[in-house]
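*Asks:* Following this line is coords-v2.cif, made up of mmCIF, C-alpha atoms and all ligand atoms:
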```
data_start
#
loop_
_atom_site.label_atom_id
_atom_site.label_comp_id
_atom_site.auth_asym_id
_atom_site.auth_seq_id
_atom_site.Cartn_x
_atom_site.Cartn_y
_atom_site.Cartn_z
CA MET H 1 -15.33 -37.01 57.87
CA GLY H 2 -13.13 -38.27 60.67
CA LYS H 3 -9.64 -36.97 61.32
CA ALA H 4 -7.06 -39.20 62.96
CA ASP H 5 -3.46 -38.81 64.08
CA LEU H 6 -2.27 -42.41 64.17
CA HIS H 7 1.29 -41.89 65.45
CA VAL H 8 1.66 -40.18 68.82
CA HIS H 9 4.26 -40.81 71.53
CA THR H 10 3.98 -40.32 75.30
CA ILE H 11 6.49 -40.58 78.17
CA TYR H 12 6.17 -44.35 77.93
CA SER H 13 8.52 -43.94 74.93
CA TYR H 14 12.14 -43.28 75.92
CA ASP H 15 11.94 -40.09 73.81
CA GLY H 16 8.34 -39.00 74.51
CA THR H 17 7.90 -35.81 76.54
CA ALA H 18 4.21 -35.66 77.53
CA THR H 19 2.19 -37.82 79.86
CA VAL H 20 -0.88 -39.65 78.64
CA ALA H 21 -3.19 -37.28 80.53
CA ALA H 22 -1.46 -34.22 79.04
CA THR H 23 -1.72 -35.75 75.58
CA LEU H 24 -5.47 -36.30 75.88
CA GLU H 25 -6.00 -32.86 77.39
CA TYR H 26 -4.06 -31.27 74.52
CA VAL H 27 -5.98 -33.20 71.85
CA LYS H 28 -9.28 -32.16 73.37
CA ARG H 29 -8.39 -28.50 73.88
CA HIS H 30 -6.18 -27.68 70.89
CA THR H 31 -6.97 -29.97 67.94
CA ASP H 32 -9.90 -30.99 65.75
CA LEU H 33 -8.87 -34.65 65.79
CA THR H 34 -11.65 -37.17 66.32
CA THR H 35 -9.32 -40.12 66.85
CA ILE H 36 -5.73 -40.68 67.91
CA ALA H 37 -3.53 -43.73 68.23
CA ILE H 38 -0.90 -43.87 70.96
CA THR H 39 2.10 -45.67 69.48
CA ASP H 40 5.02 -45.70 71.89
CA HIS H 41 8.28 -47.42 71.00
CA ASP H 42 8.03 -51.13 71.80
CA THR H 43 5.58 -50.69 74.68
CA ILE H 44 1.82 -50.70 74.78
CA ASP H 45 1.46 -49.47 78.38
CA GLY H 46 0.88 -45.81 77.45
CA ALA H 47 -1.71 -46.79 74.86
CA LEU H 48 -3.65 -48.91 77.35
CA GLU H 49 -3.57 -46.07 79.90
CA ALA H 50 -4.85 -43.71 77.19
CA VAL H 51 -7.70 -46.06 76.26
CA ALA H 52 -8.73 -46.20 79.91
CA LEU H 53 -8.61 -42.40 80.33
CA ALA H 54 -10.11 -41.48 76.94
CA PRO H 55 -13.81 -41.45 77.96
CA ARG H 56 -13.08 -38.65 80.47
CA TYR H 57 -11.86 -36.53 77.58
CA GLY H 58 -14.41 -37.55 74.94
CA ILE H 59 -11.68 -38.71 72.57
CA GLU H 60 -11.45 -42.00 70.73
CA VAL H 61 -8.10 -43.68 71.33
CA ILE H 62 -6.85 -46.63 69.31
CA PRO H 63 -4.35 -48.76 71.23
CA GLY H 64 -1.12 -49.12 69.31
CA ILE H 65 2.61 -49.66 69.46
CA GLU H 66 5.53 -48.68 67.23
CA VAL H 67 7.38 -51.94 66.82
CA THR H 68 11.10 -51.97 66.02
CA THR H 69 11.21 -54.78 63.47
CA ALA H 70 14.47 -56.08 62.07
CA GLU H 71 13.76 -54.08 58.90
CA GLY H 72 12.40 -50.84 60.38
CA HIS H 73 9.60 -49.27 62.41
CA LEU H 74 6.06 -50.57 62.02
CA LEU H 75 2.90 -49.14 63.60
CA ALA H 76 0.60 -51.83 64.95
CA LEU H 77 -2.93 -50.57 65.69
CA PHE H 78 -5.91 -52.17 67.43
CA VAL H 79 -3.66 -54.47 69.46
CA GLN H 80 -4.04 -55.13 73.17
CA ALA H 81 -0.77 -56.85 74.01
CA PRO H 82 2.86 -55.93 73.33
CA ILE H 83 4.54 -57.20 70.19
CA PRO H 84 8.23 -58.13 70.55
CA ALA H 85 10.91 -56.06 68.86
CA GLY H 86 13.58 -57.48 66.61
CA ARG H 87 11.47 -59.90 64.55
CA SER H 88 11.30 -59.75 60.77
CA LEU H 89 8.68 -57.53 59.14
CA ILE H 90 6.70 -60.56 57.97
CA GLU H 91 6.81 -62.27 61.37
CA THR H 92 5.79 -59.03 63.10
CA VAL H 93 2.82 -58.45 60.79
CA HIS H 94 1.65 -62.02 61.45
CA LEU H 95 1.78 -61.27 65.21
CA VAL H 96 -0.33 -58.15 64.61
CA ALA H 97 -2.81 -60.24 62.60
CA GLU H 98 -3.06 -62.78 65.44
CA GLN H 99 -4.36 -59.96 67.66
CA GLY H 100 -6.84 -58.79 65.02
CA GLY H 101 -4.87 -55.61 64.45
CA ILE H 102 -3.65 -53.75 61.40
CA ALA H 103 -0.23 -52.37 60.53
CA ILE H 104 1.14 -49.22 58.90
CA ALA H 105 4.68 -48.66 57.66
CA ALA H 106 6.10 -45.73 59.68
CA HIS H 107 8.24 -43.13 57.85
CA PRO H 108 9.13 -45.65 55.08
CA GLY H 109 11.99 -45.22 52.66
CA GLY H 110 14.04 -42.84 54.80
CA PRO H 111 17.83 -43.11 54.85
CA TRP H 112 17.95 -44.52 58.40
CA ARG H 113 18.06 -48.16 59.48
CA TRP H 114 14.73 -47.77 61.31
CA CYS H 115 12.89 -47.00 58.05
CA LEU H 116 11.31 -49.87 56.12
CA ARG H 117 12.50 -50.18 52.52
CA GLU H 118 10.09 -50.34 49.60
CA ALA H 119 11.51 -53.70 48.48
CA ASN H 120 10.90 -55.21 51.95
CA ILE H 121 7.32 -53.93 52.05
CA ALA H 122 6.58 -55.11 48.50
CA ALA H 123 8.04 -58.55 49.26
CA ALA H 124 5.93 -58.85 52.42
CA LEU H 125 2.75 -57.83 50.58
CA ALA H 126 3.12 -60.83 48.26
CA ASP H 127 1.70 -62.89 51.16
CA ALA H 128 -2.12 -62.62 51.13
CA GLN H 129 -2.48 -62.52 54.93
CA ILE H 130 0.19 -59.85 55.20
CA ALA H 131 -1.63 -57.78 52.58
CA GLN H 132 -4.81 -57.94 54.66
CA THR H 133 -3.02 -56.70 57.77
CA LEU H 134 -0.35 -54.31 56.47
CA VAL H 135 -2.79 -51.85 54.94
CA GLY H 136 -1.20 -48.42 55.15
CA LEU H 137 1.96 -46.39 54.75
CA GLU H 138 2.91 -43.02 56.19
CA ALA H 139 3.01 -40.89 53.08
CA TYR H 140 3.63 -37.89 55.32
CA ASN H 141 5.41 -37.95 58.69
CA ALA H 142 5.54 -34.48 60.27
CA SER H 143 8.53 -35.21 62.51
CA LEU H 144 11.16 -36.12 59.93
CA PRO H 145 14.24 -33.90 60.27
CA ASN H 146 13.94 -33.25 56.52
CA LEU H 147 10.30 -33.02 55.43
CA ALA H 148 11.28 -33.28 51.76
CA LEU H 149 11.80 -37.01 52.36
CA ASN H 150 8.03 -37.31 52.49
CA GLN H 151 7.96 -36.88 48.72
CA HIS H 152 9.70 -40.24 48.40
CA ALA H 153 7.26 -41.84 50.84
CA CYS H 154 4.32 -40.38 48.93
CA ALA H 155 5.65 -41.72 45.63
CA MET H 156 6.14 -45.10 47.28
CA GLY H 157 2.53 -44.99 48.43
CA GLN H 158 1.40 -44.51 44.86
CA ARG H 159 3.35 -47.56 43.72
CA LEU H 160 2.29 -49.87 46.55
CA PRO H 161 -1.30 -51.03 47.19
CA LEU H 162 -1.48 -49.27 50.55
CA ALA H 163 -3.65 -46.56 52.10
CA MET H 164 -2.06 -43.11 52.43
CA VAL H 165 -1.60 -42.03 56.04
CA GLY H 166 -0.51 -38.67 57.40
CA ALA H 167 0.73 -38.63 60.99
CA SER H 168 2.56 -36.33 63.36
CA ASP H 169 4.90 -38.85 65.04
CA ALA H 170 4.59 -36.30 67.84
CA HIS H 171 7.16 -36.41 70.63
CA MET H 172 5.95 -33.01 71.91
CA LEU H 173 2.41 -31.91 72.66
CA TRP H 174 2.33 -29.07 70.16
CA MET H 175 3.20 -31.42 67.27
CA ILE H 176 0.05 -33.53 67.70
CA GLY H 177 -2.17 -33.17 64.63
CA MET H 178 0.48 -31.37 62.54
CA ALA H 179 -0.17 -34.16 60.05
CA ALA H 180 -3.22 -36.40 60.13
CA THR H 181 -5.45 -38.70 58.10
CA TRP H 182 -8.93 -37.85 56.85
CA PHE H 183 -11.33 -40.76 56.48
CA PRO H 184 -15.01 -41.09 55.49
CA GLY H 185 -17.20 -41.68 58.53
CA GLU H 186 -16.48 -41.12 62.20
CA GLY H 187 -15.21 -43.82 64.48
CA SER H 188 -12.40 -46.32 64.44
CA ARG H 189 -14.51 -48.88 62.63
CA ASP H 190 -14.93 -46.44 59.73
CA LEU H 191 -11.22 -45.71 59.90
CA ARG H 192 -10.39 -49.38 59.51
CA THR H 193 -12.74 -49.61 56.54
CA ALA H 194 -11.19 -46.54 54.94
CA LEU H 195 -7.68 -47.94 55.36
CA ALA H 196 -8.74 -51.29 53.91
CA HIS H 197 -10.41 -49.57 50.93
CA ARG H 198 -7.61 -47.00 50.48
CA THR H 199 -10.03 -44.08 50.81
CA THR H 200 -7.96 -42.08 53.30
CA THR H 201 -6.44 -38.68 52.45
CA LEU H 202 -3.72 -36.57 54.02
CA SER H 203 -4.01 -33.51 56.24
CA VAL H 204 -0.76 -31.56 56.47
CA SER H 205 -0.02 -28.34 58.37
CA ALA H 206 3.05 -26.16 57.83
CA ARG H 207 5.64 -27.04 60.47
CA PRO H 208 7.01 -24.00 62.33
CA ALA H 209 10.70 -23.24 61.86
CA HIS H 210 11.36 -23.70 65.58
CA PHE H 211 10.61 -27.45 65.35
CA LEU H 212 14.19 -28.66 65.70
CA ALA H 213 15.05 -26.24 68.53
CA SER H 214 11.87 -27.18 70.35
CA TYR H 215 12.57 -30.89 69.84
CA LEU H 216 16.06 -30.57 71.29
CA LYS H 217 14.75 -28.52 74.22
CA HIS H 218 12.10 -31.12 75.00
CA GLN H 219 14.61 -33.97 74.78
CA LEU H 220 16.84 -32.06 77.20
CA LEU H 221 13.95 -31.60 79.62
CA ARG H 222 13.19 -35.32 79.29
CA MET H 223 16.78 -36.19 80.15
CA MET H 224 16.50 -33.87 83.18
CA GLY H 225 13.50 -35.89 84.35
CA LEU H 226 10.85 -33.32 83.42
CA ALA H 227 7.75 -33.86 81.30
CA GLN H 228 4.59 -31.99 80.38
CA TRP H 229 1.85 -33.17 82.65
CA ALA H 230 -1.78 -32.62 83.30
CA PRO H 231 -3.58 -34.20 86.23
CA SER H 232 -6.23 -36.73 85.43
CA THR H 233 -8.91 -34.10 86.01
CA PRO H 234 -9.93 -32.83 82.58
CA GLY H 235 -9.44 -29.12 82.16
CA ALA H 236 -6.53 -28.86 84.59
CA PRO H 237 -3.49 -26.94 83.34
CA ILE H 238 -0.62 -28.58 81.49
CA ALA H 239 2.70 -27.87 83.20
CA LEU H 240 6.23 -29.17 83.48
CA ARG H 241 6.59 -31.70 86.27
CA ARG H 242 9.10 -34.24 87.47
CA LEU H 243 8.65 -37.55 85.67
CA ALA H 244 9.05 -39.49 88.89
CA ALA H 245 5.99 -37.72 90.30
CA VAL H 246 3.72 -38.40 87.32
CA HIS H 247 4.88 -41.70 85.83
CA GLN H 248 2.78 -44.28 87.61
CA PRO H 249 3.42 -47.73 86.16
ZN ZN S 1 9.78 -44.44 64.13
ZN ZN S 2 7.35 -42.70 66.19
#
```
Once more with this new file: its structure as structure tokens, please.

*Replies:*
Amino acid sequence: MGKADLHVHTIYSYDGTATVAATLEYVKRHTDLTTIAITDHDTIDGALEAVALAPRYGIEVIPGIEVTTAEGHLLALFVQAPIPAGRSLIETVHLVAEQGGIAIAAHPGGPWRWCLREANIAAALADAQIAQTLVGLEAYNASLPNLALNQHACAMGQRLPLAMVGASDAHMLWMIGMAATWFPGEGSRDLRTALAHRTTTLSVSARPAHFLASYLKHQLLRMMGLAQWAPSTPGAPIALRRLAAVHQP
């Protein structure tokens, strides 16, 4: 079985707090994940950097982006170029399809404007090409302020013809892998097949009570221009560094 965390942020997101190198180092050293997707908010630059660095760490990285559609956040995976924000869900999924990618509804059904609604997803799936591209839904997102909301997402996943995905939505290193997706097989090709055939299952870890305090602390450090960094040499220590010194566009 493969184990994937398909929703991970880096400092390329305005609210990410770890560099790409630190993210890969952490995944290698502290998780049993076989595959991750880097999905920064409305930018693909971190994902492309991660794909380039991944062989040094022996990790499979799927390039992705968390697109802010007009109706809510959508994960686009297996894409190589940025996808513009602000388009409708249907238009956005067509842009993902043009790149040969697939899409997953991020934290659907939540009470916030950045969460896709069930009615919007169901309406989009009526289009055959959309249904081939929008194949999954986060039935468990480990970074929701209120984890009980995942019960609604899970119920939605049982009503909609979509694969169940668990993901960390990590904005801090230690959250990576706190939720993940099991799939038959090993590599990203098998993952795509599993999503298309709805044969994925969820992996969920208990979230420590200090999550919110840690999140706020990390966001404060981010605002102060600090981020968790590891040099590009695998095995080097992860430490807090100035963003300006580590963020090389
Ligand atoms: Zn989101
Ligand atoms: Zn996210």

*Asks:* Tell me which of H:Trp174, H:Arg117, H:Pro55, H:Ala123 sits closest to H:His152, counting all atoms listed in the file.

*Replies:*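 For H:His152, the nearest of the candidates is H:Arg117.
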
*Asks:* Could you work out how far atom CA of H:Thr17 lies from atom CA of H:Gly101, giving the answer in Å with one decimal?

*Replies:*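 Atom CA of H:Gly101 sits 26.5 Å away from atom CA of H:Thr17.
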
*Asks:* Could you give me, as JSON, numbers by chain, every polymer residue with an atom at most 9 Å away from an atom of ligand ZN 1 (chain S), counting only C-alpha atoms and all ligand atoms?

*Replies:* {"H": [7, 41, 66, 67, 68, 72, 73, 74, 75, 106, 107, 114, 115, 169]}

*Asks:* Counting only C-alpha atoms, which residues sit no farther than 9 Å from the position (11.4, -31.5, 76.9) in the file's frame? I'd like them as a VMD selection string.

*Replies:* chain H and resid 16 to 18 172 214 to 228 240

*Asks:* List every protein, DNA or RNA residue that has an atom no more than 12 Å from (10.6, -26.4, 65.6) in the file's coordinate frame, counting only C-alpha atoms, and report them as a list in words.

*Replies:*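 Using only C-alpha atoms, the matching residues come out as Ala142, Ser143, Leu144, Pro145, Asn146, Ala170, His171, Met172, Trp174, Met175, Met178, Ala206, Arg207, Pro208, Ala209, His210, Phe211, Leu212, Ala213, Ser214, Tyr215, Leu216, Lys217 and His218 of chain H.
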
*Asks:* Please list as a short mmCIF file (atom, residue, chain, number, x, y, z; two decimals) with C-alpha atoms, in the frame of the given file every residue within 10 Å of H:Asn120, counting only C-alpha atoms and excluding residues in the same chain fewer than 6 positions away.

*Replies:*
```
data_model
loop_
_atom_site.label_atom_id
_atom_site.label_comp_id
_atom_site.auth_asym_id
_atom_site.auth_seq_id
_atom_site.Cartn_x
_atom_site.Cartn_y
_atom_site.Cartn_z
CA GLU H 71 13.76 -54.08 58.90
CA GLY H 72 12.40 -50.84 60.38
CA SER H 88 11.30 -59.75 60.77
CA LEU H 89 8.68 -57.53 59.14
CA ILE H 90 6.70 -60.56 57.97
#
```

*Asks:* Between atom CA of H:Ala22 and atom CA of H:Gln80, measure the distance and give it in Å to one decimal.

*Replies:*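 We find that atom CA of H:Ala22 and atom CA of H:Gln80 lie 21.9 Å from each other.
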
*Asks:* Expressed in Å to a single decimal, how great is the separation between atom CA of H:Ala37 and atom CA of H:Ala126?

*Replies:*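 So the two atoms, atom CA of H:Ala37 and atom CA of H:Ala126, lie 27.1 Å apart.
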
*Asks:* Can you work out which one of H:Ile62, H:Ile176, H:Ala21, H:Val51 has the shortest atom-to-atom distance to H:Leu33, counting all atoms listed in the file?

*Replies:*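 Of all the options, H:Ile176 lies closest to H:Leu33.
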
*Asks:* With distances taken over all atoms listed in the file, which of H:Ser205, H:Ser232, H:Thr10, H:Thr23 is nearest to ligand ZN 2 (chain S)?

*Replies:*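 Comparing H:Ser205, H:Ser232, H:Thr10, H:Thr23 against ligand ZN 2 (chain S), the winner is H:Thr10.
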
*Asks:* Give me, as a list in words, all polymer residues having an atom no more than 8 Å from H:Thr39, counting all atoms listed in the file and skipping those fewer than 6 positions away in the same chain.

*Replies:*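 Near neighbours after the sequence-gap exclusion: Leu6, His7, Val8, His9, Ala47, Pro63, Gly64, Ile65, Glu66, Leu75, Ala76 and Leu77 of chain H.
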
*Asks:* List the spatial neighbours of H:Ala194 as a list in words - criterion: any atom at most 12 Å away, all atoms listed in the file, same-chain residues fewer than 5 positions off excluded.

*Replies:*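 Counting all atoms listed in the file, the residues come to Met1, Gly2, Lys3, Ala4, Val135, Gly136, Leu162, Ala163, Met164, Val165, Thr181, Trp182, Phe183, Pro184, Gly185, Glu186, Gly187, Ser188, Arg189, Thr199, Thr200 and Thr201 of chain H.
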
*Asks:* Which one is closest to H:Asp45: H:Leu173, H:Ala81, H:Leu24, H:Ala148? Count all atoms listed in the file.

*Replies:*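 Residue with the minimum atom-to-atom distance to H:Asp45: H:Ala81.
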